[in-house]
Amino acid sequence: MRISKVELKNIGPHKNLTVEFGKGLIGLVGSNGAGKSTLVNSIYAALTNDFSRFGNAKADIITNGTTENSFIKITGEHLGNSFELVRWLRPNKNEFRIGSTSYNKATDINDAIVTQLNIPKIMIDKYVFVDQWQMFAFLDQSAAERAKTFQYLCGTDAAASAYKVCNDFVSRQQLVQVIDNSIELQETLNEQETTL
C-alpha cells in the first residue's frame with residue numbers, strides 16, 4: 001500500500017491542508033505546533049478509525065470555533081487499485097472506495113482495510129505508527145518474534161515459497177549425472193590457441 005495524498009479539512013491547526021507524498025522515505029519538518037503530529041495522527045485515525053491519539057473526544061479534533069465540515073481524506077494505491085478513504089468528523093460518516101468497490105459503514109471499512117489493504121490494526125500500532133519512544137521495541141523481541149515480524153512486514157513468505165520450489169527442483173535434478181569435462185575443454189582451447 002502507498003499513500004499518495006492526505007487532505008485535512010478543519011482538523012486541529014489545519015483549516016485546509018493537502019499534502020502529496022512521493023515514493024520512498026518521507027520526512028516531515030516544521031516548527032513546534034505546526035501540525036506535524038496532527039498530520040501523522042490523522043493518517044493513523046483514518047486507517048484505524050481510532051482517534052484516541054488526539055485525546056478523549058472526536059469533537060475536540062475539529063478546528064476550534066468552526067461549524068464547517070471536517071474530514072480526513074487519504075488517497076493511495078494498493079496492488080494496482082486506487083483507493084480513497086474519508087473519515088468525516090462533521091458530519092459523522094465514513095467512506096472507503098477501492099477499485100470499483102465502495103463501503104460506507106465504519107465496521108465494513110475497518111474490515112475492508114484489513115482484507116483489501118492487508119494491514120491489520122495490530123501491525124499499524126506495533127510497526128507503522130509507533131510512538132516515538134517505542135521505536136526500538138522491535139529489538140526487545142525474541143529472535144523468533146523478530147523473524148516472524150520481519151517475514152510479515154517484508155513479505156518474505158513469498159520469497160520462502162520461491163526458494164522451496166527452486167530447492168525442490170535442484171533436489172530432483174541430483175538424480176541426473178553431471179560430467180565435469182572442463183579440463184578436456186581447456187586442453188582443446190589451448191590446442192586451438194597454439195594452432196592459431
# chains A, B, ... in the order shown; residues from 1 in each chain; ligands from 1
$ residues_around --residues "Glu7 in chain A" --least-positions-apart "6" --cutoff "7 Å" --atoms "only C-alpha atoms" --output "number ranges by chain"
A: 17-19, 72-74
$ residues_around --residues "range 116-133 of chain A" --least-positions-apart "6" --cutoff "12 Å" --atoms "only C-alpha atoms" --output "NGL selection string"
:A and (1-3 or 37 or 39-50 or 53 or 76-85 or 96-99 or 101-103 or 108-110 or 139 or 141 or 146 or 149-150 or 152-155)
$ closest_residue --among "A:Glu184, A:Phe54, A:Asn64, A:Gly30" --to "His14 in chain A" --atoms "only C-alpha atoms"
A:Asn64
$ select_by_dssp --residues "chain A" --states "helix (DSSP H, G or I)" --output "PyMOL selection string"
chain A and resi 36-48+52-54+58-61+106-117+121-128+132-134+137-140+143-154+156-173+182-195
$ write_last_selection --atoms "C-alpha atoms" --output "CSV table (one decimal), in the first residue's frame"
chain,number,residue,atom,x,y,z
A,36,LYS,CA,3.2,17.6,12.1
A,37,SER,CA,1.8,15.2,14.8
A,38,THR,CA,-1.7,16.2,13.8
A,39,LEU,CA,-1.0,15.1,10.2
A,40,VAL,CA,0.6,11.7,11.3
A,41,ASN,CA,-2.2,11.1,13.9
A,42,SER,CA,-4.8,11.9,11.2
A,43,ILE,CA,-3.4,9.2,8.9
A,44,TYR,CA,-3.4,6.8,11.8
A,45,ALA,CA,-7.0,7.7,12.7
A,46,ALA,CA,-8.2,7.3,9.2
A,47,LEU,CA,-6.6,3.9,8.7
A,48,THR,CA,-7.8,2.5,12.1
A,52,SER,CA,-7.5,8.2,20.8
A,53,ARG,CA,-4.2,9.7,19.9
A,54,PHE,CA,-6.0,13.1,19.8
A,58,LYS,CA,-13.6,13.2,18.4
A,59,ALA,CA,-15.2,16.6,18.6
A,60,ASP,CA,-12.0,18.1,20.2
A,61,ILE,CA,-10.1,17.4,17.0
A,106,ALA,CA,-17.3,2.1,9.8
A,107,THR,CA,-17.2,-1.6,10.6
A,108,ASP,CA,-17.3,-2.6,7.0
A,109,ILE,CA,-14.5,-0.1,6.2
A,110,ASN,CA,-12.4,-1.4,9.1
A,111,ASP,CA,-12.8,-5.0,7.8
A,112,ALA,CA,-12.0,-3.9,4.2
A,113,ILE,CA,-8.8,-2.2,5.3
A,114,VAL,CA,-7.6,-5.5,6.8
A,115,THR,CA,-8.8,-7.6,3.9
A,116,GLN,CA,-8.3,-5.3,0.9
A,117,LEU,CA,-5.2,-3.4,2.0
A,121,LYS,CA,-4.6,-2.7,13.2
A,122,ILE,CA,-2.1,-4.5,15.4
A,123,MET,CA,0.5,-4.2,12.7
A,124,ILE,CA,-0.2,-0.5,12.3
A,125,ASP,CA,0.0,0.0,16.1
A,126,LYS,CA,3.2,-2.0,16.5
A,127,TYR,CA,5.2,-1.2,13.4
A,128,VAL,CA,3.8,1.6,11.3
A,132,GLN,CA,8.4,7.9,19.2
A,133,TRP,CA,9.8,6.3,22.4
A,134,GLN,CA,8.7,2.8,21.3
A,137,ALA,CA,10.7,-2.2,20.9
A,138,PHE,CA,11.2,-4.4,17.9
A,139,LEU,CA,14.8,-5.0,19.1
A,140,ASP,CA,13.5,-6.2,22.5
A,143,ALA,CA,14.7,-13.8,17.8
A,144,ALA,CA,11.7,-15.9,16.7
A,145,GLU,CA,9.3,-12.9,17.2
A,146,ARG,CA,11.6,-10.6,15.2
A,147,ALA,CA,11.9,-13.2,12.4
A,148,LYS,CA,8.1,-13.6,12.2
A,149,THR,CA,7.6,-9.8,12.2
A,150,PHE,CA,10.3,-9.3,9.5
A,151,GLN,CA,8.7,-12.0,7.4
A,152,TYR,CA,5.3,-10.4,7.7
A,153,LEU,CA,6.5,-6.8,7.1
A,154,CYS,CA,8.7,-7.7,4.2
A,156,THR,CA,9.4,-12.9,2.8
A,157,ASP,CA,6.9,-15.7,2.9
A,158,ALA,CA,6.6,-15.4,-0.9
A,159,ALA,CA,10.4,-15.5,-1.2
A,160,ALA,CA,10.5,-18.6,1.0
A,161,SER,CA,8.0,-20.3,-1.2
A,162,ALA,CA,10.0,-19.5,-4.3
A,163,TYR,CA,13.2,-20.7,-2.6
A,164,LYS,CA,11.4,-24.0,-1.7
A,165,VAL,CA,10.3,-24.6,-5.3
A,166,CYS,CA,13.8,-23.9,-6.6
A,167,ASN,CA,15.3,-26.1,-3.9
A,168,ASP,CA,12.9,-29.0,-4.7
A,169,PHE,CA,13.8,-28.6,-8.5
A,170,VAL,CA,17.5,-28.8,-7.8
A,171,SER,CA,17.0,-31.8,-5.5
A,172,ARG,CA,15.2,-33.7,-8.3
A,173,GLN,CA,18.0,-32.8,-10.7
A,182,SER,CA,36.2,-28.6,-18.0
A,183,ILE,CA,39.8,-29.9,-18.1
A,184,GLU,CA,39.3,-31.5,-21.5
A,185,LEU,CA,37.7,-28.3,-22.8
A,186,GLN,CA,40.6,-26.2,-21.5
A,187,GLU,CA,43.1,-28.6,-23.2
A,188,THR,CA,41.1,-28.3,-26.5
A,189,LEU,CA,41.1,-24.5,-26.2
A,190,ASN,CA,44.8,-24.4,-25.6
A,191,GLU,CA,45.5,-26.6,-28.7
A,192,GLN,CA,43.3,-24.3,-30.8
A,193,GLU,CA,45.1,-21.3,-29.5
A,194,THR,CA,48.5,-22.8,-30.3
A,195,THR,CA,47.3,-23.7,-33.8
$ select_by_dssp --residues "range 40-105 of chain A" --states "strand (DSSP E)" --output "ChimeraX atom specification"
/A:70-78,81-90,94-98,101-103
$ closest_residue --among "A:Gly22, A:Pro91, A:Gly27, A:Gly35" --to "Ser70 in chain A" --atoms "only C-alpha atoms"
A:Pro91
$ closest_residue --among "A:Val86, A:Val6, A:Leu25, A:Leu196" --to "Lys105 in chain A" --atoms "only C-alpha atoms"
A:Val86
$ atom_distance --atom1 "CA of Thr63 in chain A" --atom2 "CA of Phe51 in chain A"
14.7 Å
